[in-house]
Structures are given as C-alpha cells and as structure tokens.
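Since the structure comes first, as structure tokens, the remarks are kept for the end.
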Amino acid sequence: MLSSRHELLIIMPVMQILTLIIAGTLAGLATGDEVLKEKDNWSTIDFAYATEGDRLQALADGSYVPENVIPNGISVWTNKMVFMSMPRRKKSGIPATLAYFSYDDLSTSPKLIPYPSFKDNNVSDCNNIISVNRGHRIDKYDRLWVLDYGKIGKGKDAEQLCPPRIHIFDLNTSKKILMYTLKPTDYFPSSIFTSIVVDSGISSDDCWLYAADQIGIIVYSLKDNDSWRFDHPYCWPDPISGDFNVAGLNFQWSKAGVYGLALSPLNSEGYKTLYFHPLAGFREFSVSTKILQDKNKVNGNYHNFKKVGSREQPGHVSTQVMTRNTGILFFNLIDKNALGCWNSNMLYKKDNLAIVAKDDEKMVFLSDTIIDGNDNLWTLSNRLPEYLNDKMDFTKTNFRIFSAPVNDLVFNTACEPFLTSSPKMTSAIEN
C-alpha cells in the first residue's frame, strides 16, 4: 500500500513534483534515519521459560548463559511472528538457536519463544535444529525454511555435531513438513552458511533455496528434493579487502567470501537474478537462477556469472535484500553503520548508491535485513565484532530491530522508483 506521500505524487502535475523534490532536498525532508524506527532492543537475550523456576535452574546449570547468546538473523511472518536465530558459537549456554516473539508484542525487550519448542532445539538429537546463522526465510506459502549447519563452537574449536540440514515448517501448524540432509559434495568441513534466500515459484512445490557458503553457492530444489553446489571465483574473498574497522575495532576477516544474497523480480523469461557479494570485497556480482536451477551447469559456468559494479571503499556489506516488484536492493554497510540502497534499473556505481539510514551507536553491525509481505523492511543490529572479540558490554543495549515501509525509506533518494529514467531498463552489468 502506498503511503500518503506517494499517493500525492501520483496525482500531482510534473512541475509540482519537481518542485517538491527540490524543496525536500533543501529542507532535508523525511530522511531514512528518521523513517527507520527502532522497534525492539535488548542488552541480553532472554527466553520464555515455562516458569521462573525453570529459568533459574537453566541459569544455575549453565544451559542458559545470557552473555553467550547473540541474535544474527531475522525473518518476519507478516503481522504474526518475528523470528530470530542465535548461532551456537559457544558450545553451551544457548538453549535455543531459533526462536520468535509475537508481532504484536509491545514490550521493549520481548522474551523469545523457542521454535517450535525447547525440545526441538536440543543438540542431543540430530533431527532437531542444532545451529542456525542467518539461515531462515519465509516463502509466500506460509512456510519457514531453515538451514541448520549442525556445527557448534567457532574457529578451531568448532565441532560438526550433525550434517547440515534443511528443515521446512508449516507456520500455520508449527509442524515440520520436510527435513533434507545436504550431500557431502555440497559443503566442506570448514563451511559456514552465512545466509539463504528462498525462491517461491508459481506452485508450492516449485520452490528453491540458495545458500551462501563463503566460497560457493548451494542450490536445493524442493520439487526434486535434490541439491548441488556452484563454485566460482566471484564467490571468493578479495585478498586485499579483508581488513575491517567497525565501531573502533580493527580486525581481519580475510576468508569471508560470498555472504549476502538477494533475488530480483521475475524477468521476461520467468527467472530471477541472484545478486551476491563476498564480505571481504567491494564488488557486487550476479547470476541468473536459470543457471543455478540447472545442475548440468555446475561445471563450465565461468561466463554465466556477471560483474554488476563496485562500491566506494570501504564498502563491506553483510546481508542484503531486494524488493519483489520494483527491484530496489537494500544492503548493510557495516563500515559505515548504515543501510544503503540501489535501484537495479540503474548502473551500479557511486552516484546511484544511497544511504537511507545511519547511526554510529545504534546501527553497529547490521547483521541481517529482510522485507516482509507488506513491503516493510526489517533490519537487525548486533555489534558482532565486539562479541567475537569479547568486548561486548552487556549492561548496555546491544541488539536492536528496526523497521520502516520500503517506500518511505527510498523517498527522495536515487533509489526511488519514481526517479528511474526508464521503467524498461534492465539491470546494468559490467562487461
């Protein structure tokens, strides 16, 4: 649904619109950081135990250690549930890796309800959900897709408890309707699945999952119940772009390859474009889902992957998301504590990239960003570098969720669909 500002633009004469744009620019009207509202925040994550006695017992026996829990991913079932994932980077003290709170919960720091239950998050059974990074997304058929990478701990201490698996839940019943185990050829012992996207087709069976594995992209077909892996140099980290500075911390993530994924609207052939980038790098790349959905293209595909363009340095980006109809890409600029955007009908270059929200305190490390079924953008900040370097102050607010309508975020920016010079343009690609 259009905001009142956009309804006004539709009926206004062209000269009045131009006047409004110029006046808005001069007056600083409706900037993104004013529009993007903080919805929830936490200093530590708490869970909704059945009783306070159960919670105290969990604290006493170490099955719940608040300082061990950090939310990394977010998904939103429109007007119903907000999901968060807490990867088990510590081997204990994290009672649930996937949880949610009610969309209508008005408390500032809602307690998280394990999904679908505490029992289903127990690491003692590989049929359960072991560890989820940002690997959860909701399709248009009200199903929650979860990529569980089955690993606890981090770095050299990481332990692969269970093979990576895809779980699919019916959100209307909270019942698991499918569990698929990835093939040994789909991943490596060192694999860390950083993010996923779900491609909803014209039928509930015609759906695909694409997963980023730092150096490759894994594809899963629901219809065929089969998976395969694409490896390509564009997925690899740039060896000279692994130095990071976030919130006053300098560190190196030199092995951080393909990280954020985003799907375009359908093209005239009935396929989409998958946009992706390595975390250690400043370039954006793409590949058609027509290629990804053909397992015969796993080899000999070098020229099917495209260079889209480059960001200004430093321009490290974690995750990203694209609007379903207008092709507006939103991406998390972790060097700048900001949310950026790009209209994919324009060339991917500095003048066409905009910052729609920025906050050097509240938006430190935007970890995940999604768009719900009502075209509202949601983003999660978690100060991850502080957590990984044992510098997080748990007496302060560390985790925040922000939300805003997409149209309001891009209003009066280079990303706004109204400002696109030609609606017939296709996404510009470097050759």
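Each chain in the structure tokens gets a letter, A, B and so on, in the order shown; residues start at 1 in every chain, and ligands are counted from 1 in the order they appear.
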(message) Could you go through stretch 107-329 of chain A and tell me which residues DSSP, when run on the backbone, assigns to strand (DSSP E or B), listing them as number ranges by chain?
(response) A: 112-114, 136-138, 143-148, 151-152, 159-160, 165-170, 175-181, 195-200, 207-212, 214, 216-221, 226-231, 243-246, 249-252, 258-263, 273-278, 283-288, 305-310, 317-322, 328-329
(message) List as JSON, numbers by chain the protein and nucleic acid residues near A:Asn299, meaning an atom at most 10 Å away when only C-alpha atoms are counted, but skip any in the same chain fewer than 2 places from it.
(response) {"A": [229, 230, 231, 232, 295, 296, 297, 301, 302]}
(message) When you look at A:His136 with a cut-off of 7 Å (counting only C-alpha atoms), what residues show up, excluding the ones that are within fewer than 4 positions of it in the same chain? I need them as a list in words.
(response) Ser75, Leu144, Trp145, Val146, Leu147 and Ile196 of chain A
Output N, CA, C and O atoms for every residue in that selection, as a compact mmCIF listing (two decimals), in the first residue's frame.
```txt
# COMPACT_ATOMS: atom_id res chain seq x y z
N SER A 75 13.64 -13.01 10.49
CA SER A 75 12.60 -13.22 9.48
C SER A 75 11.27 -12.80 10.10
O SER A 75 11.11 -12.89 11.32
N LEU A 144 8.26 -21.74 6.79
CA LEU A 144 9.55 -21.28 7.28
C LEU A 144 10.62 -22.28 6.85
O LEU A 144 10.57 -23.46 7.21
N TRP A 145 11.61 -21.79 6.08
CA TRP A 145 12.74 -22.60 5.64
C TRP A 145 13.92 -22.31 6.57
O TRP A 145 14.25 -21.14 6.81
N VAL A 146 14.55 -23.37 7.05
CA VAL A 146 15.66 -23.22 7.99
C VAL A 146 16.84 -24.05 7.50
O VAL A 146 16.70 -25.26 7.26
N LEU A 147 17.99 -23.41 7.32
CA LEU A 147 19.22 -24.13 7.02
C LEU A 147 20.04 -24.22 8.30
O LEU A 147 20.57 -23.22 8.79
N ILE A 196 20.74 -17.33 3.46
CA ILE A 196 19.98 -18.04 2.43
C ILE A 196 18.93 -17.11 1.85
O ILE A 196 18.59 -16.07 2.44
```
(message) Residues within 9 Å of stretch 274-288 of chain A, please, as a VMD selection string. Count only C-alpha atoms; anything in the same chain fewer than 5 positions from it doesn't count.
(response) chain A and resid 210 212 214 to 215 234 to 244 253 to 264 293 304 to 320 322 348 429
Contact residues around A:Asp105 with only C-alpha atoms at 10 Å, ignoring same-chain residues under 3 positions, as a JSON list (two decimals) with N, CA, C and O atoms, in the first residue's frame:
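The resulting result-v9.json:
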```json
[["chain", "number", "residue", "atom", "x", "y", "z"],
["A", 40, "ASP", "N", 12.48, -2.87, 18.72],
["A", 40, "ASP", "CA", 12.81, -3.67, 19.89],
["A", 40, "ASP", "C", 14.30, -3.55, 20.18],
["A", 40, "ASP", "O", 15.10, -3.28, 19.28],
["A", 80, "LYS", "N", 2.36, -11.50, 12.32],
["A", 80, "LYS", "CA", 2.17, -12.63, 13.22],
["A", 80, "LYS", "C", 3.39, -12.89, 14.10],
["A", 80, "LYS", "O", 3.29, -12.81, 15.32],
["A", 81, "MET", "N", 4.53, -13.21, 13.50],
["A", 81, "MET", "CA", 5.68, -13.63, 14.28],
["A", 81, "MET", "C", 6.96, -13.02, 13.74],
["A", 81, "MET", "O", 7.13, -12.87, 12.53],
["A", 82, "VAL", "N", 7.86, -12.68, 14.67],
["A", 82, "VAL", "CA", 9.20, -12.21, 14.32],
["A", 82, "VAL", "C", 10.19, -13.28, 14.79],
["A", 82, "VAL", "O", 10.30, -13.55, 15.98],
["A", 101, "PHE", "N", 9.13, -14.03, 18.69],
["A", 101, "PHE", "CA", 8.19, -13.35, 19.59],
["A", 101, "PHE", "C", 7.02, -12.87, 18.75],
["A", 101, "PHE", "O", 7.10, -12.79, 17.51],
["A", 102, "SER", "N", 5.93, -12.57, 19.39],
["A", 102, "SER", "CA", 4.73, -12.17, 18.68],
["A", 102, "SER", "C", 4.92, -10.81, 18.02],
["A", 102, "SER", "O", 5.50, -9.90, 18.60],
["A", 108, "THR", "N", 9.33, -3.73, 25.22],
["A", 108, "THR", "CA", 10.53, -3.21, 24.56],
["A", 108, "THR", "C", 11.54, -4.31, 24.27],
["A", 108, "THR", "O", 12.18, -4.32, 23.21],
["A", 109, "SER", "N", 11.65, -5.27, 25.20],
["A", 109, "SER", "CA", 12.62, -6.36, 25.05],
["A", 109, "SER", "C", 11.90, -7.69, 25.24],
["A", 109, "SER", "O", 12.02, -8.33, 26.29],
["A", 110, "PRO", "N", 11.13, -8.11, 24.25],
["A", 110, "PRO", "CA", 10.33, -9.32, 24.42],
["A", 110, "PRO", "C", 11.18, -10.57, 24.64],
["A", 110, "PRO", "O", 12.26, -10.70, 24.06],
["A", 111, "LYS", "N", 10.68, -11.46, 25.48],
["A", 111, "LYS", "CA", 11.34, -12.75, 25.66],
["A", 111, "LYS", "C", 11.07, -13.62, 24.44],
["A", 111, "LYS", "O", 9.98, -13.60, 23.87]]
```
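One finds atom CA of A:Asp170 at 28.2 Å from atom CA of A:Gly93.
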(message) I want to know what sits within 12 Å of A:Gln160, based on only C-alpha atoms, with residues of the same chain fewer than 6 positions away left out; could you give that as a PyMOL selection string?
(response) chain A and resi 88-89+91+123+126+130-131+148-154+188-192
(request) Mind listing the helix (DSSP H, G or I) residues of stretch 63-312 of chain A, per DSSP on the backbone, as a VMD selection string? (result) chain A and resid 66 to 68 119 to 121 155 to 157 184 to 186 233 to 235 289 to 292 295 to 297 302 to 304
Okay, now the selection with N, CA, C and O atoms, as a JSON list (two decimals), in the first residue's frame?
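Once everything was written out, this is result.json:
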```json
[["chain", "number", "residue", "atom", "x", "y", "z"],
["A", 66, "PRO", "N", 23.24, -15.93, 29.49],
["A", 66, "PRO", "CA", 22.81, -14.79, 28.67],
["A", 66, "PRO", "C", 23.92, -14.19, 27.82],
["A", 66, "PRO", "O", 23.68, -13.79, 26.67],
["A", 67, "GLU", "N", 25.14, -14.11, 28.33],
["A", 67, "GLU", "CA", 26.24, -13.49, 27.60],
["A", 67, "GLU", "C", 26.71, -14.33, 26.40],
["A", 67, "GLU", "O", 27.47, -13.84, 25.58],
["A", 68, "ASN", "N", 26.26, -15.58, 26.31],
["A", 68, "ASN", "CA", 26.65, -16.42, 25.18],
["A", 68, "ASN", "C", 25.73, -16.27, 23.98],
["A", 68, "ASN", "O", 26.05, -16.72, 22.88],
["A", 119, "LYS", "N", 12.57, -28.38, 23.23],
["A", 119, "LYS", "CA", 12.97, -29.75, 22.90],
["A", 119, "LYS", "C", 13.52, -29.83, 21.48],
["A", 119, "LYS", "O", 14.51, -30.52, 21.21],
["A", 120, "ASP", "N", 12.88, -29.13, 20.54],
["A", 120, "ASP", "CA", 13.30, -29.17, 19.14],
["A", 120, "ASP", "C", 14.59, -28.42, 18.89],
["A", 120, "ASP", "O", 15.12, -28.45, 17.76],
["A", 121, "ASN", "N", 15.11, -27.72, 19.89],
["A", 121, "ASN", "CA", 16.39, -27.01, 19.79],
["A", 121, "ASN", "C", 17.50, -27.70, 20.59],
["A", 121, "ASN", "O", 18.60, -27.17, 20.72],
["A", 155, "GLY", "N", 35.68, -21.23, 15.01],
["A", 155, "GLY", "CA", 37.11, -21.33, 14.74],
["A", 155, "GLY", "C", 37.62, -22.76, 14.87],
["A", 155, "GLY", "O", 36.95, -23.73, 14.50],
["A", 156, "LYS", "N", 38.81, -22.91, 15.43],
["A", 156, "LYS", "CA", 39.43, -24.22, 15.57],
["A", 156, "LYS", "C", 38.68, -25.11, 16.56],
["A", 156, "LYS", "O", 38.86, -26.34, 16.54],
["A", 157, "ASP", "N", 37.87, -24.50, 17.42],
["A", 157, "ASP", "CA", 37.13, -25.28, 18.41],
["A", 157, "ASP", "C", 35.76, -25.75, 17.91],
["A", 157, "ASP", "O", 35.03, -26.41, 18.63],
["A", 184, "PRO", "N", 27.36, -34.77, 1.02],
["A", 184, "PRO", "CA", 28.75, -34.45, 1.37],
["A", 184, "PRO", "C", 29.45, -33.59, 0.32],
["A", 184, "PRO", "O", 30.39, -32.85, 0.64],
["A", 185, "THR", "N", 28.98, -33.68, -0.95],
["A", 185, "THR", "CA", 29.60, -32.87, -2.01],
["A", 185, "THR", "C", 29.09, -31.43, -2.02],
["A", 185, "THR", "O", 29.58, -30.60, -2.79],
["A", 186, "ASP", "N", 28.10, -31.12, -1.17],
["A", 186, "ASP", "CA", 27.53, -29.77, -1.14],
["A", 186, "ASP", "C", 28.32, -28.80, -0.25],
["A", 186, "ASP", "O", 28.14, -27.59, -0.35],
["A", 233, "PRO", "N", 34.95, -18.17, -8.91],
["A", 233, "PRO", "CA", 35.88, -17.19, -8.32],
["A", 233, "PRO", "C", 35.21, -15.93, -7.80],
["A", 233, "PRO", "O", 35.75, -15.28, -6.88],
["A", 234, "TYR", "N", 34.05, -15.56, -8.36],
["A", 234, "TYR", "CA", 33.37, -14.36, -7.87],
["A", 234, "TYR", "C", 32.84, -14.54, -6.45],
["A", 234, "TYR", "O", 32.49, -13.56, -5.78],
["A", 235, "CYS", "N", 32.76, -15.79, -5.99],
["A", 235, "CYS", "CA", 32.33, -16.06, -4.62],
["A", 235, "CYS", "C", 33.47, -15.91, -3.62],
["A", 235, "CYS", "O", 33.22, -15.81, -2.42],
["A", 289, "THR", "N", 19.00, -17.29, -12.07],
["A", 289, "THR", "CA", 18.53, -18.54, -11.47],
["A", 289, "THR", "C", 18.30, -19.62, -12.53],
["A", 289, "THR", "O", 18.22, -20.80, -12.20],
["A", 290, "LYS", "N", 18.22, -19.22, -13.79],
["A", 290, "LYS", "CA", 18.14, -20.21, -14.87],
["A", 290, "LYS", "C", 19.40, -21.07, -14.87],
["A", 290, "LYS", "O", 19.33, -22.29, -15.14],
["A", 291, "ILE", "N", 20.53, -20.48, -14.57],
["A", 291, "ILE", "CA", 21.79, -21.22, -14.48],
["A", 291, "ILE", "C", 21.81, -22.05, -13.21],
["A", 291, "ILE", "O", 22.12, -23.25, -13.23],
["A", 292, "LEU", "N", 21.46, -21.45, -12.08],
["A", 292, "LEU", "CA", 21.54, -22.14, -10.79],
["A", 292, "LEU", "C", 20.62, -23.35, -10.74],
["A", 292, "LEU", "O", 20.93, -24.37, -10.10],
["A", 295, "LYS", "N", 21.50, -28.23, -12.79],
["A", 295, "LYS", "CA", 22.69, -28.84, -12.19],
["A", 295, "LYS", "C", 23.72, -29.26, -13.22],
["A", 295, "LYS", "O", 24.88, -29.54, -12.87],
["A", 296, "ASN", "N", 23.34, -29.30, -14.48],
["A", 296, "ASN", "CA", 24.32, -29.57, -15.54],
["A", 296, "ASN", "C", 25.24, -28.39, -15.79],
["A", 296, "ASN", "O", 26.23, -28.50, -16.52],
["A", 297, "LYS", "N", 24.90, -27.23, -15.19],
["A", 297, "LYS", "CA", 25.71, -26.03, -15.36],
["A", 297, "LYS", "C", 26.73, -25.85, -14.22],
["A", 297, "LYS", "O", 27.43, -24.84, -14.17],
["A", 302, "TYR", "N", 31.77, -20.31, -16.01],
["A", 302, "TYR", "CA", 32.50, -19.08, -15.67],
["A", 302, "TYR", "C", 31.83, -17.83, -16.24],
["A", 302, "TYR", "O", 31.64, -16.83, -15.53],
["A", 303, "HIS", "N", 31.43, -17.86, -17.50],
["A", 303, "HIS", "CA", 30.91, -16.66, -18.15],
["A", 303, "HIS", "C", 29.43, -16.42, -17.84],
["A", 303, "HIS", "O", 28.88, -15.39, -18.24],
["A", 304, "ASN", "N", 28.79, -17.34, -17.13],
["A", 304, "ASN", "CA", 27.40, -17.13, -16.74],
["A", 304, "ASN", "C", 27.26, -16.23, -15.52],
["A", 304, "ASN", "O", 26.18, -15.69, -15.25]]
```
(message) What's the separation between atom CA of A:Pro95 and atom CA of A:Asp142, in Å to one decimal place?
(response) 25.7 Å
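With only C-alpha atoms as the atoms that count, the minimum distance from A:Ser221 to the choices A:Phe402, A:Val321, A:Asp205, A:Asn337 is reached by A:Asp205.
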